[in-house]
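Asks: My structure is in run-v1.txt, and what it holds is compact mmCIF, C-alpha atoms:
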```txt
# COMPACT_ATOMS: atom_id res chain seq x y z
CA ALA K 160 0.00 0.00 0.00
CA THR K 161 2.86 2.43 0.69
CA PRO K 162 3.97 3.07 -2.91
CA TYR K 163 0.30 3.11 -3.92
CA ILE K 164 -0.35 6.00 -1.51
CA PHE K 165 2.47 8.11 -2.96
CA ALA K 166 1.65 7.29 -6.58
CA GLY K 167 -2.09 7.72 -6.01
CA LEU K 168 -1.48 11.15 -4.50
CA ALA K 169 0.69 12.02 -7.50
CA VAL K 170 -2.07 11.21 -9.97
CA SER K 171 -4.76 12.89 -7.84
CA VAL K 172 -2.83 16.18 -7.70
CA ALA K 173 -2.60 16.16 -11.50
CA PHE K 174 -6.31 15.36 -11.80
CA LYS K 175 -7.11 18.27 -9.47
CA GLY K 176 -5.26 20.52 -11.90
CA GLY K 177 -7.21 19.17 -14.86
CA LEU K 178 -4.26 17.10 -16.08
CA PHE K 179 -3.90 13.38 -16.80
CA ASN K 180 -0.56 12.15 -15.52
CA ILE K 181 -0.16 8.76 -17.18
CA GLY K 182 3.57 8.89 -16.43
CA ALA K 183 3.65 7.95 -12.75
CA GLU K 184 5.21 4.59 -13.68
CA GLY K 185 8.17 6.28 -15.33
CA GLN K 186 8.49 8.96 -12.66
CA LEU K 187 8.52 6.23 -10.01
CA ALA K 188 11.27 4.38 -11.88
CA ILE K 189 13.43 7.50 -12.18
CA GLY K 190 12.89 8.26 -8.50
CA ALA K 191 14.09 4.77 -7.63
CA ILE K 192 17.16 5.11 -9.87
CA CYS K 193 18.15 8.45 -8.33
CA GLY K 194 17.47 7.26 -4.80
CA VAL K 195 19.41 4.01 -5.10
CA TRP K 196 22.40 5.77 -6.64
CA VAL K 197 22.64 8.20 -3.71
CA GLY K 198 22.06 5.24 -1.39
CA TYR K 199 25.08 3.19 -2.47
CA ALA K 200 27.43 5.65 -4.21
CA LEU K 201 27.40 8.81 -2.08
CA PRO K 202 29.75 7.60 0.72
CA ASP K 203 32.39 6.62 -1.84
CA LEU K 204 32.02 9.93 -3.67
CA LEU K 205 32.54 11.83 -0.43
CA GLY K 206 35.43 9.58 0.57
CA VAL K 207 33.88 8.42 3.83
CA ALA K 208 33.18 4.93 5.10
CA LYS K 209 29.73 5.78 6.40
CA LEU K 210 27.30 8.69 6.53
CA PRO K 211 24.96 9.41 9.47
CA ALA K 212 21.50 8.01 8.79
CA VAL K 213 19.98 11.39 9.66
CA VAL K 214 21.86 12.80 6.65
CA HIS K 215 21.99 9.89 4.23
CA LEU K 216 18.35 8.78 4.31
CA PRO K 217 16.87 12.26 3.68
CA LEU K 218 19.30 12.68 0.77
CA VAL K 219 18.07 9.39 -0.74
CA LEU K 220 14.45 10.52 -0.48
CA ALA K 221 15.31 14.00 -1.79
CA ALA K 222 17.10 12.49 -4.79
CA GLY K 223 14.03 10.41 -5.61
CA MET K 224 11.79 13.47 -5.35
CA ILE K 225 14.07 15.58 -7.56
CA GLY K 226 14.29 12.84 -10.19
CA GLY K 227 10.52 12.35 -10.26
CA ALA K 228 9.89 16.11 -10.27
CA PHE K 229 12.15 16.55 -13.29
CA TRP K 230 10.50 13.65 -15.13
CA GLY K 231 7.06 15.10 -14.44
CA GLY K 232 8.15 18.68 -15.04
CA VAL K 233 9.25 18.06 -18.64
CA PRO K 234 5.74 17.23 -19.94
CA GLY K 235 4.39 20.00 -17.70
CA TRP K 236 6.73 22.53 -19.31
CA LEU K 237 5.89 21.25 -22.79
CA LYS K 238 2.17 21.55 -22.03
CA ALA K 239 2.63 25.09 -20.72
CA ARG K 240 4.89 26.29 -23.54
CA THR K 241 3.52 24.51 -26.61
CA GLY K 242 0.17 23.04 -25.59
CA ALA K 243 1.48 19.52 -26.24
CA HIS K 244 -0.93 17.06 -24.65
CA GLU K 245 0.34 15.67 -21.35
CA VAL K 246 -1.14 12.20 -21.95
CA ILE K 247 1.02 11.66 -25.04
CA ASN K 248 4.12 13.14 -23.45
CA THR K 249 3.84 11.29 -20.14
CA ILE K 250 3.35 8.00 -21.97
CA MET K 251 6.45 8.72 -24.06
CA MET K 252 8.37 9.64 -20.92
CA ASN K 253 7.37 6.26 -19.45
CA TYR K 254 9.13 4.49 -22.31
CA LEU K 255 12.18 6.71 -21.94
CA ALA K 256 12.33 6.05 -18.19
CA LEU K 257 12.02 2.29 -18.54
CA LEU K 258 14.58 2.10 -21.35
CA LEU K 259 16.99 4.36 -19.47
CA SER K 260 16.55 2.24 -16.34
CA GLY K 261 17.22 -0.92 -18.32
CA TRP K 262 20.43 0.51 -19.76
CA LEU K 263 21.68 1.80 -16.39
CA LEU K 264 20.86 -1.41 -14.53
CA GLY K 265 22.49 -3.53 -17.21
CA GLY K 266 25.54 -1.31 -17.55
CA PRO K 267 26.89 1.61 -15.47
CA MET K 268 24.92 0.86 -12.32
CA ARG K 269 24.99 -2.94 -12.43
CA ASP K 270 26.30 -4.75 -9.37
CA PRO K 271 29.75 -6.13 -10.30
CA ASN K 272 29.16 -9.18 -8.08
CA PRO K 273 29.19 -12.16 -10.53
CA LEU K 274 26.75 -14.08 -8.31
CA ASN K 275 23.97 -11.65 -9.26
CA VAL K 276 22.78 -12.97 -12.60
CA ILE K 277 19.95 -10.42 -12.93
CA SER K 278 20.39 -6.74 -13.75
CA GLN K 279 20.42 -5.00 -10.41
CA THR K 280 22.38 -2.39 -8.49
CA LYS K 281 24.49 -2.84 -5.40
CA LYS K 282 22.63 -2.71 -2.10
CA ILE K 283 22.31 0.69 -0.51
CA ALA K 284 24.20 1.47 2.68
CA GLU K 285 22.64 0.69 6.05
CA SER K 286 22.46 4.41 6.77
CA ALA K 287 20.24 4.92 3.70
CA ARG K 288 17.57 2.42 4.75
CA ILE K 289 14.20 3.26 6.27
CA PRO K 290 13.94 1.60 9.70
CA ILE K 291 11.56 -1.30 10.22
CA LEU K 292 8.41 -0.33 12.12
CA LEU K 293 7.44 -3.83 13.27
CA GLU K 294 10.21 -6.36 13.82
CA GLY K 295 9.84 -9.61 11.90
CA THR K 296 7.86 -7.97 9.08
CA ARG K 297 8.59 -5.76 6.08
CA LEU K 298 6.48 -2.97 7.59
CA HIS K 299 8.68 0.12 7.72
CA TRP K 300 8.35 3.78 8.67
CA GLY K 301 7.67 4.64 5.03
CA VAL K 302 3.98 3.94 5.58
CA VAL K 303 3.93 6.60 8.31
CA LEU K 304 5.71 8.98 5.95
CA ALA K 305 3.08 8.22 3.30
CA LEU K 306 0.27 9.15 5.69
CA VAL K 307 2.07 12.37 6.64
CA VAL K 308 2.52 13.24 2.95
CA ALA K 309 -1.20 12.61 2.40
CA LEU K 310 -1.94 15.20 5.10
CA LEU K 311 0.53 17.61 3.49
CA VAL K 312 -1.13 17.17 0.10
CA TYR K 313 -4.52 17.90 1.68
CA TRP K 314 -3.06 21.03 3.27
CA LEU K 315 -1.45 22.06 -0.03
CA LEU K 316 -4.62 21.66 -2.10
CA TRP K 317 -7.17 23.14 0.31
CA LYS K 318 -5.23 25.50 2.59
CA THR K 319 -2.72 27.29 0.34
CA THR K 320 -2.78 29.74 -2.54
CA ILE K 321 -0.98 27.26 -4.78
CA GLY K 322 -3.61 24.63 -4.07
CA PHE K 323 -6.40 27.09 -4.79
CA GLU K 324 -4.79 27.93 -8.13
CA ILE K 325 -4.40 24.24 -9.00
CA ARG K 326 -8.05 23.50 -8.21
CA THR K 327 -9.28 26.60 -10.03
CA VAL K 328 -7.32 25.80 -13.19
CA GLY K 329 -8.58 22.22 -13.01
CA ALA K 330 -12.19 23.35 -12.67
CA ASN K 331 -12.16 26.04 -15.37
CA PRO K 332 -8.94 27.26 -17.04
CA GLU K 333 -10.66 30.17 -18.78
CA ALA K 334 -12.21 31.47 -15.57
CA ALA K 335 -8.85 31.05 -13.84
CA ARG K 336 -7.13 33.06 -16.58
CA TYR K 337 -9.78 35.77 -16.32
CA ALA K 338 -9.19 35.92 -12.56
CA GLY K 339 -5.50 36.61 -13.16
CA ILE K 340 -4.08 33.14 -12.52
CA ARG K 341 -1.16 32.26 -14.80
CA VAL K 342 -2.55 29.01 -16.16
CA ALA K 343 0.64 27.94 -17.98
CA ARG K 344 2.74 28.32 -14.83
CA VAL K 345 0.20 26.42 -12.73
CA THR K 346 0.13 23.63 -15.32
CA ALA K 347 3.91 23.31 -15.21
CA TYR K 348 4.24 23.11 -11.45
CA THR K 349 1.20 20.87 -11.05
CA LEU K 350 2.86 18.12 -13.10
CA THR K 351 6.16 18.83 -11.34
CA ILE K 352 4.55 18.28 -7.93
CA SER K 353 2.83 15.16 -9.29
CA GLY K 354 6.15 13.78 -10.52
CA LEU K 355 7.81 14.62 -7.19
CA LEU K 356 5.29 12.45 -5.32
CA ALA K 357 5.69 9.56 -7.76
CA GLY K 358 9.49 9.80 -7.52
CA LEU K 359 9.22 9.65 -3.75
CA ALA K 360 7.29 6.38 -4.13
CA GLY K 361 10.24 4.86 -5.99
CA ALA K 362 12.80 6.10 -3.47
CA VAL K 363 10.78 4.80 -0.50
CA GLU K 364 10.38 1.39 -2.14
CA VAL K 365 14.14 1.15 -2.62
CA ALA K 366 15.04 2.47 0.85
CA GLY K 367 12.33 0.63 2.76
CA VAL K 368 11.79 -2.75 1.10
CA ASN K 369 14.28 -3.88 -1.55
CA TYR K 370 17.50 -2.01 -0.63
CA TYR K 371 18.53 -2.25 -4.30
CA HIS K 372 16.98 -1.54 -7.66
CA ALA K 373 16.23 -4.18 -10.29
CA LEU K 374 14.25 -4.29 -13.51
CA GLY K 375 10.51 -4.72 -13.06
CA PHE K 376 10.46 -4.03 -9.30
CA SER K 377 7.55 -1.59 -9.64
CA THR K 378 5.61 -3.04 -12.55
CA GLY K 379 2.08 -1.68 -12.45
CA TYR K 380 2.32 0.67 -9.46
CA GLY K 381 2.11 3.77 -11.62
CA PHE K 382 -0.80 2.52 -13.70
CA ASP K 383 -2.74 1.13 -10.72
CA SER K 384 -2.41 4.54 -9.10
CA ILE K 385 -4.70 6.01 -11.76
CA ALA K 386 -7.49 3.70 -10.63
CA ILE K 387 -6.67 4.43 -6.97
CA ALA K 388 -6.93 8.19 -7.52
CA LEU K 389 -10.25 7.81 -9.33
CA LEU K 390 -11.58 5.41 -6.69
CA GLY K 391 -10.61 7.90 -3.98
CA ARG K 392 -12.28 10.75 -5.91
CA ASN K 393 -8.95 12.59 -5.99
CA HIS K 394 -9.11 13.29 -2.27
CA PRO K 395 -6.05 12.38 -0.13
CA LEU K 396 -8.17 10.41 2.37
CA GLY K 397 -9.87 8.50 -0.44
CA VAL K 398 -6.49 7.81 -2.03
CA VAL K 399 -5.14 6.37 1.24
CA LEU K 400 -8.16 4.07 1.61
CA GLY K 401 -7.96 3.04 -2.05
CA ALA K 402 -4.24 2.35 -1.70
CA PHE K 403 -4.79 0.00 1.24
CA LEU K 404 -7.53 -1.79 -0.72
CA PHE K 405 -5.33 -2.24 -3.79
CA GLY K 406 -2.34 -3.17 -1.63
CA ALA K 407 -4.36 -5.85 0.12
CA MET K 408 -5.65 -7.22 -3.18
CA ARG K 409 -2.19 -7.23 -4.76
CA ALA K 410 -0.57 -8.97 -1.78
CA GLY K 411 -3.53 -11.30 -1.34
CA ALA K 412 -3.50 -12.33 -4.99
CA THR K 413 0.06 -13.59 -4.63
CA GLN K 414 -0.89 -15.65 -1.57
CA MET K 415 -3.91 -17.07 -3.40
CA GLN K 416 -1.65 -18.31 -6.20
CA PHE K 417 0.47 -20.19 -3.65
```
Would you mind giving the structure from this file in structure tokens?
Replies:
Amino acid sequence: ATPYIFAGLAVSVAFKGGLFNIGAEGQLAIGAICGVWVGYALPDLLGVAKLPAVVHLPLVLAAGMIGGAFWGGVPGWLKARTGAHEVINTIMMNYLALLLSGWLLGGPMRDPNPLNVISQTKKIAESARIPILLEGTRLHWGVVLALVVALLVYWLLWKTTIGFEIRTVGANPEAARYAGIRVARVTAYTLTISGLLAGLAGAVEVAGVNYYHALGFSTGYGFDSIAIALLGRNHPLGVVLGAFLFGAMRAGATQMQF
């Protein structure tokens, strides 16, 4: 459910702004790539054996957010500058993200350990991992972070000027323009915020569950999040409930197969 909450929030923010972000899958993948790289490579780059967790973990999450924000911001900028439809561009960015991930995982970022026969990165440092919330399970503090982010998204959309602009543009762009809102700018940062949330989903999945990145680790999260956002009526509370429902069904389906 944890990556579903982040990705569902990403899609819901775009929907609130009248935009269809079909690229959460790619933004999530780029967030994971950026996060895992900071997770295993940063200590060596800085020439230290170990970084404090209070520094390293936030940098991993920030890298994922920046990567996702960039990947979402590109179609947002294109939409704002040229009117290019975000559905087409986000779908194209999905392919670019997955192909780029495949090349990086099979080449520059591949774990040199010959025992790993699949394309994957090295494991991230201990200081870059999200602590386990309940010993003996995979439940980690990322789920708490997801709930906090859901509250922040609610605050952003309904309690701030930026949120008011996003909702106004989503409801009626012409009326928003007449009221003095810069629709192109709002469009650009709406998709940027959406991508940021999806990128955070990828970083949290790497730092909290897998501790490395491999091909196909997130297959379907980004696309399922569209249904989650619609099921939750684009409200953060509804997205959280929808994410737990989809998470239960996805985990339960695997157990049913066994």
Asks: Let me make sure I understand: among K:Gln186, K:Thr161, K:Gln279, K:Asn272, which one has the smallest atom-to-atom distance to Gly301 of chain K if we use only C-alpha atoms?
Replies: K:Thr161
Asks: Which residues come within 12 Å of Gly397 of chain K, counting only C-alpha atoms, excluding same-chain residues fewer than 4 positions away, as an NGL selection string?
Replies: :K and (164 or 167-168 or 171 or 306 or 309-310 or 313 or 386-393 or 401-404)
Asks: Using all atoms listed in the file, determine which residues lie at most 6 Å from Ala166 of chain K, disregarding the query and same-chain residues fewer than 3 positions distant; provide the list as a PyMOL selection string.
Replies: chain K and resi 163+169+357+384
Asks: Can you tell me, as a PyMOL selection string, what residues are no more than 10 Å from Phe179 of chain K when counting all atoms listed in the file, ignoring any on the same chain fewer than 4 positions away?
Replies: chain K and resi 170-175+244-247+249+350+385
Asks: Take the point (4.6, 16.5, -13.4) in the file's coordinates, draw a sphere of radius 10 Å around it, and report as a PyMOL selection string every protein, DNA or RNA residue with an atom inside or on it, counting all atoms listed in the file.
Replies: chain K and resi 169-170+172-173+178-183+186+227-236+245+249+346-357
Asks: I'd like to know which of K:Val345, K:Ala362, K:Leu311, K:Leu374 is closest to Gly261 of chain K, using only C-alpha atoms.
Replies: K:Leu374
Asks: Restricting the calculation to only C-alpha atoms, which member of K:Gly226, K:Gly206, K:Pro395, K:Gly406 is positioned closest to Leu315 of chain K?
Replies: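 Residue with the minimum atom-to-atom distance to Leu315 of chain K: K:Pro395.
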Asks: Name all residues at most 9 Å from Val363 of chain K (count only C-alpha atoms; drop same-chain ones fewer than 6 positions away) and give them as a ChimeraX atom specification.
Replies: /K:161-162,190-191,194,219-220,223,288-289,301
Asks: Taking 3 positions as the minimum chain separation for residues in the same chain, which residues sit within 10 Å of Lys282 of chain K when counting all atoms listed in the file? Answer as a PyMOL selection string.
Replies: chain K and resi 195-196+198-200+270+279+285+287-288+365-366+369-372
Asks: Using all atoms listed in the file, which of the listed residues (K:Leu187, K:Met252, K:Leu396, K:Val197) sits closest to Lys281 of chain K?
Replies: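 Distance minimum relative to Lys281 of chain K lands on K:Val197.
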Asks: What is the atom CA of Met415 of chain K to atom CA of Gly375 of chain K distance in Å?
Replies: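 These atoms are spaced 21.3 Å apart.
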Asks: For each of K:Ala160, K:Tyr337, K:Ile321, K:Thr378, take the minimum atom-to-atom distance to Ala410 of chain K, counting only C-alpha atoms, then give the residue where this is smallest.
Replies: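 Ranking K:Ala160, K:Tyr337, K:Ile321, K:Thr378 by distance to Ala410 of chain K, first place goes to K:Ala160.
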Asks: Find the distance between atom CA of Glu324 of chain K and atom CA of Lys238 of chain K and write it in Å to one decimal.
Replies: 16.8 Å
Asks: Separation of atom CA of Arg269 of chain K and atom CA of Ala373 of chain K, in Å?
Replies: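 Interatomic distance here is 9.1 Å.
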Asks: With distances taken over all atoms listed in the file, which of K:Ala330, K:Leu259, K:Ala284, K:Val308 is nearest to His215 of chain K?
Replies: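 With all atoms listed in the file as the atom set, the closest residue is K:Ala284.
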